[in-house]
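Comments concern the structure below.
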Amino acid sequence: MKTLLKASTAALALSIAAQGAAAEGKLVIYHWFEYMPQELLEKFAAEHDVEVTMDTYDSNEAMLASLKAGGLGTYDVAVPGDYMVKIMAGEGILDEIAEGELANAGNMMDEWADPAFDPGRKHSIPYQWGSTSFMVDREVYSGDINTTDILFNPPAELSGKINMLDSQGEVLAMAALHMGIEQCSTDRDKLKALNEMLTGAKAHWASFNSDTAKEVLVSGDAAVGQIYDGFGAKARAEKASLEYAFPTQGYVVWMDNVVLLKDAPNRENALKFMNFLLDPENIAAVSNYARYALGVNGAGEYLDPELATLPEANPPAGSGAGAFIEVCDEQTQSVYDQIWTNLKK
Amino acid sequence: MAGGASPGGSATTDTYAGARNWLLMPAWLVLGILSLAPVAMMLVYSFLTKEFRGGVIWEFSLAAYDQFFFDRGLFGDEPPRIEWTYISIFWRSIWQAGLATLMSLLIGFPTAYFIATRPEKVRPIWVFLITIPYWVNLLIRTVSMKFLLRDNGPLNDFLMSTGLIGEPIHIINTNFAVQLGLFYSYLPFMVLPIYASVERYNFTLSEAAADLYASKWVTLRRILLPTVKPGVIAGCILVFVPSLGSFLAPDLLGGAKNFMIGSLIEEQFKGSAGNWPFGAAIAMVLLTMVLILLLLFARQQARADREAGQ
């Protein structure tokens with residue numbers, strides 16, 4: 001299976017031949033879809049004379065599964081979200097970055113230099129961060145949208161027009177915020193209540209879709225949709241009546257990070273790439289494209305000025321707090337898995 | 001399974017008898033590497049212990065099958081009851097695939113008959129026309145279908161402009177959309193085997209039946225259908241089996257609100273659960289079901305051949 005997976009990976013790979021066959025070395029990136037601007041990859045390839053290959057995935061869990069199924073040793077770097085960095089480190093599939101291996105490490109913003117999910121930034125560097133909440137089409141509904149009731153107990157106008165992300169973590173975290181339950185709760189009564197609430201809320205939902213989260217909103221298939229803030233900003237650019245909500249009950253925040261994978265075939269180039277992304281000008285190019293915030297100092301002059309004023313990135317006064325998704329232990333996770341299965345059975 | 005091979009002529013001499021093993025080698029390699037090995041691996045994995053967040057521990061365990069058949073409550077410590085969750089997911093998939101097969105048959109049979117009754121010269125053109133849409137990737141076709149069907153999409157726009165309907169028909173994210181998607185995805189698998197059967201049908205038999213005062217309906221039912229039955233069954237299997245495990249159409253057209261067998265398996269590998277043995281066990285249950293179906297078909301086929309031979 002290992003070789004099979006590798007073969008198919010090679011076949012599917014989106015190859016960015018920089019200097020043709022003359023390239024010095026290679027770099028294989030495993031990355032989210034629709035996130036990294038092509039020009040930036042080309043710039044890196046040209047600067048360092050490296051042939052860059054990129055594969056994409058659509059969820060943290062899918063990435064982990066494919067790495068555990070034989071992807072290790074194929075890829076040099078991946079871009080997991082906060083909680084997934086912790087999981088991957090726990091699984092022992094991340095390599096350690098030694099002191100001084102990244103010349104630009106000092107550029108990290110203080111608040112992202114020592115995060116709880118990767119103390120001391122041993123395995124990762126900050127990439128982009130943002131929030132996950134939902135958008136509402138203001139042409140369909142003009143009432144208050146800054147409440148999780150919109151998703152779980154919606155007004156009649158919105159019932160049956162809601163798209164949820166097809167991701168257990170995002171849906172259950174939002175549901176927990178809605179009910180004021182702490183994440184990874186082991187309280188049986190609360191979990192039963194959560195299970196029942198979700199089953200009831202499902203009657204109001206039209207679909208579960210992650211990769212078309214933006215498209216269903218723009219096309220009008222859904223009037224409400226769970227979405228990441230930057231993806232939401234892109235949706236609003238295509239349909240002005242969409243508004244991003246910051247519920248008073250809270251919302252999910254996340255940070256994606258570039259990690260150095262264990263058994264990276266091109267470790268040197270991987271470090272070069274990470275250093276490249278710690279350069280304010282380069283990481284600003286990602287933000288300008290993906291519309292998310294960055295975690296590196298000194299990027300101000302390179303950023304699209306519009307980013308500072310994005311309504312999707314600036315919670316209004318009185319909105320709830322953002323919460324990172326937490327990593328539950330095996331037994332607790334199995335209850336959440338069961339709740340998710342009950343929801344979708 | 002190629003469209004109802006009628007026992008026309010069997011070889012009396014085998015020109016390449018000496019090289020037979022060598023000639024079979026590529027087929028054995030392909031079957032062995034691409035079919036048997038993965039299935040064997042799946043079988044083994046389904047009896048292993050689950051590793052948290054994906055992967056397996058090499059210890060024998062029946063936990064995956066236990067999870068499939070027994071319900072131990074939300075917290076896993078209640079006395080076991082029969083688990084209906086997965087059975088109902090299987091039933092839903094079977095029902096969807098069955099309806100899609102029926103739709104394919106209703107459209108596919110007349111289409112195949114039509115093509116087979118054209119002059120011999122133009123038949124390949126019709127077959128060619130049937131296959132043209134399938135040059136496009138399945139994902140793209142399914143997404144396009146979604147565009148066509150949506151509430152404010154071209155189909156509803158057209159129907160409303162003709163005045164046939166006043167309000168858009170809500171098709172997207174319904175079970176009907178899934179069936180439509182499956183039907184559209186696999187229609188040629190129905191048409192082609194039936195076409196192959198009908199093409200070989202000796203139409204003088206129909207004429208003979210008509211001479212003997214059989215009505216058109218009786219001719220169809222008693223003469224044509226029994227003769228082309230292998231093609232029809234092959235077509236049904238070729239549509240039903242992939243529909244059963246499909247997850248593109250349910251996800252994109254059905255809104256992924258309810259698990260189908262395919263998406264349930266996918267969830268075990270790509271979802272938070274990361275339960276590989278359980279995913280393998282579901283796949284094994286599905287495989288067993290399909291195998292039983294095929295065995296029944298093969299037995300029935302053998303009996304029909306024996307009866308025809310006597």
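Labeling convention for the structure tokens: chains A, B, ... as they appear, residues from 1 per chain, ligands from 1 in order of appearance.
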List the neighbours of range 148-162 of chain B out to 7 Å using only C-alpha atoms; skip same-chain residues closer than 6 positions along the sequence, and give me the result as a PyMOL selection string. (chain A and resi 221) or (chain B and resi 168-172)
Under the rule of at most 6 Å, produce a per-residue listing of chain B near chain A: chain, number, name, the closest pair of atoms, and the distance in Å, as a tab-separated table, using only C-alpha atoms.
```
residue	atom	partner	partner_atom	distance
B:Phe75	CA	A:Val335	CA	5.9
B:Gly255	CA	A:Ser207	CA	4.0
B:Ala256	CA	A:Phe208	CA	5.4
B:Lys257	CA	A:Ser207	CA	5.6
B:Asn258	CA	A:Lys344	CA	4.7
B:Phe259	CA	A:Lys345	CA	5.5
B:Lys270	CA	A:Ala62	CA	4.3
B:Gly271	CA	A:Glu61	CA	5.6
B:Ser272	CA	A:Glu61	CA	5.9
B:Ala273	CA	A:Asp337	CA	5.7
```
Residue nearest Asn202 in chain B - candidates B:Ala304, B:Leu180, B:Ile223, B:Leu102, atoms counted: only C-alpha atoms: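 Using only C-alpha atoms, Asn202 in chain B sits closest to B:Ile223.
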Counting only C-alpha atoms, which of A:Asn107, A:Thr56, A:Thr147, A:Asn266 gets nearest to Ala299 in chain A?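 Of A:Asn107, A:Thr56, A:Thr147, A:Asn266, the one nearest Ala299 in chain A, counting only C-alpha atoms, is A:Asn107.
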Show which residues sit within 9 Å of Arg138 in chain A, as an NGL selection string. Count only C-alpha atoms, and ignore same-chain residues fewer than 6 positions away. :A and (223 or 241-243)
Using DSSP secondary structure from the backbone, list all helix (DSSP H, G or I) positions within range 40-131 of chain B, as a ChimeraX atom specification. /B:40-46,63-69,85-116,123-131
Any chance you can output those residues with C-alpha atoms as a compact mmCIF listing (two decimals), in the first residue's frame?
```txt
# COMPACT_ATOMS: atom_id res chain seq x y z
CA ALA B 40 -7.03 -9.57 1.77
CA MET B 41 -5.53 -6.57 3.51
CA MET B 42 -8.99 -5.21 4.24
CA LEU B 43 -10.06 -8.54 5.67
CA VAL B 44 -7.03 -8.65 7.96
CA TYR B 45 -7.45 -5.02 9.06
CA SER B 46 -11.10 -5.60 9.96
CA ALA B 63 -14.46 -4.92 18.10
CA ALA B 64 -15.15 -3.65 14.58
CA TYR B 65 -17.85 -6.24 13.89
CA ASP B 66 -19.19 -5.83 17.41
CA GLN B 67 -19.60 -2.12 16.75
CA PHE B 68 -21.42 -2.88 13.52
CA PHE B 69 -23.97 -5.27 14.98
CA THR B 85 -27.84 2.55 12.80
CA TYR B 86 -25.59 0.81 10.30
CA ILE B 87 -28.24 -1.57 9.05
CA SER B 88 -30.44 1.40 8.24
CA ILE B 89 -27.53 3.13 6.48
CA PHE B 90 -27.07 -0.04 4.39
CA TRP B 91 -30.76 -0.19 3.71
CA ARG B 92 -30.80 3.44 2.59
CA SER B 93 -27.92 2.80 0.19
CA ILE B 94 -29.55 -0.33 -1.19
CA TRP B 95 -32.82 1.51 -1.71
CA GLN B 96 -31.13 4.44 -3.47
CA ALA B 97 -29.01 2.16 -5.64
CA GLY B 98 -32.07 0.03 -6.43
CA LEU B 99 -34.14 3.00 -7.57
CA ALA B 100 -31.24 4.31 -9.64
CA THR B 101 -30.94 0.87 -11.26
CA LEU B 102 -34.64 0.80 -12.00
CA MET B 103 -34.49 4.24 -13.61
CA SER B 104 -31.48 3.18 -15.66
CA LEU B 105 -33.30 0.04 -16.80
CA LEU B 106 -36.45 1.91 -17.81
CA ILE B 107 -34.46 4.36 -19.93
CA GLY B 108 -31.58 2.07 -20.84
CA PHE B 109 -33.54 -0.85 -22.26
CA PRO B 110 -35.50 1.07 -24.91
CA THR B 111 -32.34 3.00 -25.76
CA ALA B 112 -30.35 -0.19 -26.24
CA TYR B 113 -33.17 -1.72 -28.29
CA PHE B 114 -33.31 1.40 -30.44
CA ILE B 115 -29.57 1.31 -31.13
CA ALA B 116 -29.56 -2.43 -31.86
CA ARG B 123 -24.91 1.57 -34.75
CA PRO B 124 -21.34 2.43 -33.77
CA ILE B 125 -22.22 6.13 -34.07
CA TRP B 126 -25.08 5.73 -31.60
CA VAL B 127 -22.87 3.82 -29.17
CA PHE B 128 -20.28 6.53 -29.60
CA LEU B 129 -22.86 9.20 -28.81
CA ILE B 130 -23.86 7.37 -25.62
CA THR B 131 -20.28 7.40 -24.40
```
Contacts of Gln301 in chain B within 12 Å, only C-alpha atoms, excl. fewer than 2 positions in-chain, as a list of chain:residue names: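 Answer for this query is B:Met1, B:Gly4, B:Ala5, B:Ser6, B:Pro226, B:Lys229, B:Pro230, B:Gly231, B:Ile233, B:Ala234, B:Leu294, B:Leu295, B:Leu296, B:Phe297, B:Ala298, B:Arg299, B:Arg303, B:Ala304, B:Asp305, B:Arg306, B:Glu307, B:Ala308.
One distance worth recording is that between CA of Pro305 in chain A and CA of Asn288 in chain A, which is 9.3 Å.
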Quick one: everything within 10 Å of Leu217 in chain A, counting only C-alpha atoms, minus sequence neighbours fewer than 6 positions away in the same chain. Send it as a list in words.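 Counting only C-alpha atoms, the residues come to Met135, Val136, Asp137, Lys161, Ile162, Asn163, Ala223, Val224, Gly225, Gln226, Ile227, Gly232, Ala235, Arg236, Glu238, Lys239 and Leu242 of chain A.
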Output N, CA and C atoms of each residue in that selection to a file, as a short mmCIF file (atom, residue, chain, number, x, y, z; two decimals), in the first residue's frame.
```cif
data_model
loop_
_atom_site.label_atom_id
_atom_site.label_comp_id
_atom_site.auth_asym_id
_atom_site.auth_seq_id
_atom_site.Cartn_x
_atom_site.Cartn_y
_atom_site.Cartn_z
N MET A 135 -21.91 32.69 7.94
CA MET A 135 -22.39 33.88 7.23
C MET A 135 -23.88 33.76 7.01
N VAL A 136 -24.53 34.92 6.94
CA VAL A 136 -25.96 34.95 6.69
C VAL A 136 -26.23 35.88 5.52
N ASP A 137 -27.11 35.47 4.65
CA ASP A 137 -27.53 36.32 3.54
C ASP A 137 -28.54 37.34 4.07
N LYS A 161 -32.35 26.23 5.07
CA LYS A 161 -31.43 26.90 4.13
C LYS A 161 -30.05 27.05 4.74
N ILE A 162 -29.67 26.06 5.56
CA ILE A 162 -28.41 26.16 6.30
C ILE A 162 -27.43 25.09 5.83
N ASN A 163 -26.21 25.53 5.51
CA ASN A 163 -25.15 24.58 5.18
C ASN A 163 -24.15 24.52 6.33
N ALA A 223 -28.77 30.07 2.67
CA ALA A 223 -28.85 31.45 3.14
C ALA A 223 -27.98 31.64 4.38
N VAL A 224 -27.63 30.52 5.01
CA VAL A 224 -26.71 30.53 6.14
C VAL A 224 -25.67 29.45 5.89
N GLY A 225 -24.41 29.75 6.19
CA GLY A 225 -23.40 28.72 6.00
C GLY A 225 -22.25 28.90 6.96
N GLN A 226 -21.84 27.79 7.59
CA GLN A 226 -20.64 27.81 8.40
C GLN A 226 -19.46 28.04 7.46
N ILE A 227 -18.52 28.90 7.86
CA ILE A 227 -17.42 29.21 6.95
C ILE A 227 -16.25 29.81 7.72
N GLY A 232 -14.93 33.50 3.83
CA GLY A 232 -16.13 34.33 3.90
C GLY A 232 -15.92 35.67 3.23
N ALA A 235 -16.29 35.18 -0.27
CA ALA A 235 -17.70 35.00 -0.63
C ALA A 235 -18.40 36.35 -0.72
N ARG A 236 -18.11 37.23 0.25
CA ARG A 236 -18.75 38.55 0.27
C ARG A 236 -18.34 39.36 -0.96
N GLU A 238 -18.04 38.26 -3.79
CA GLU A 238 -18.87 37.81 -4.91
C GLU A 238 -20.35 38.06 -4.67
N LYS A 239 -20.75 38.19 -3.41
CA LYS A 239 -22.14 38.44 -3.10
C LYS A 239 -22.20 39.36 -1.88
N LEU A 242 -23.88 39.04 1.88
CA LEU A 242 -23.47 38.08 2.91
C LEU A 242 -22.77 38.80 4.06
#
```
